[in-house]
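K.L.:
So that we are looking at the same thing, I have put the structure below in structure tokens.
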Amino acid sequence: MSSVVALYDRAVGLVANVIGEAFALLLARVALAGIFWRSYKTKVEEGTWLQINDTQYFLFEDQFSGLPIPTDLAVPMATYAEFLFPILLVLGLATRFSAVALLIMTLVIQIFVFPTSDHFFGWAMVPIALAAVLIARGSGMLSADAIVVKARGQ
């Protein structure tokens, strides 16, 4: 039994260090970014970067009518947030800010668009958990944030 515990301790020691954490946080950043990037891609005309598809205005008006802000404001806000924050997350730049922004967006979707427990435990829990980890731990050493901190001498 003690050999199993020793093997376990050694395995944990290999991954529970700065490098292991850096890769785990990189994966968390990419995973959270991917969720919102895929959603962004459904909102813009194919082959464009920021040209919002007219269908989005209809969807927000018809299916997402519970939002507390007007459709003409909600559609561009959602589209541009789903464009900008995933890019920042992948770069590891302003990671905590980006994670907070996407956490707020997830909560707005959960509360006002799909206020059911099925949706919460089916979809919303994943971005909430990923954002929480990034808010608590930051971006890790494989990030632009780490370069900025090092350049500032901290």
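In the structure tokens, chains take letters A, B, ... by order of appearance, with residues numbered from 1 within each chain and ligands from 1 in the order shown.
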Could you pull out the helix (DSSP H, G or I) residues of region 34-123 of chain A, going by DSSP on the backbone, and write them as JSON, numbers by chain?

P.N.:
{"A": [34, 35, 36, 37, 38, 39, 40, 41, 42, 43, 54, 55, 56, 57, 58, 59, 60, 61, 62, 71, 72, 73, 74, 75, 76, 77, 78, 79, 80, 81, 82, 83, 84, 85, 86, 87, 88, 89, 90, 91, 95, 96, 97, 98, 99, 100, 101, 102, 103, 104, 105, 106, 107, 108, 109, 110, 111, 112, 113, 117, 118, 119, 120, 121, 122, 123]}

K.L.:
For region 94-139 of chain A versus region 10-21 of chain A, which residues have an atom no more than 12 Å away, and what is each residue's nearest atom pair and distance in Å rounded to one decimal, using only C-alpha atoms, chain-then-number order, as a tab-separated table?

P.N.:
residue	atom	partner	partner_atom	distance
A:Val133	CA	A:Glu21	CA	11.2
A:Leu134	CA	A:Glu21	CA	11.3
A:Arg137	CA	A:Glu21	CA	9.2
A:Gly138	CA	A:Glu21	CA	10.4
A:Ser139	CA	A:Glu21	CA	9.5

K.L.:
Just want the 6 Å neighbourhood of Glu82 (chain A), counted on only C-alpha atoms, with same-chain residues fewer than 2 positions away dropped. Output as a ChimeraX atom specification.

P.N.:
/A:36-37,40,79-80,84

K.L.:
I'd like the interatomic distance between CA of Thr42 (chain A) and CA of Thr55 (chain A), to a tenth of an Å.

P.N.:
9.7 Å

K.L.:
Counting only C-alpha atoms, what is within 10 Å of region 123-129 of chain A, bar same-chain residues fewer than 3 positions away, as a PyMOL selection string?

P.N.:
chain A and resi 28+31-33+35-36+99-100+102-107+109-110+114+117-120+132-135
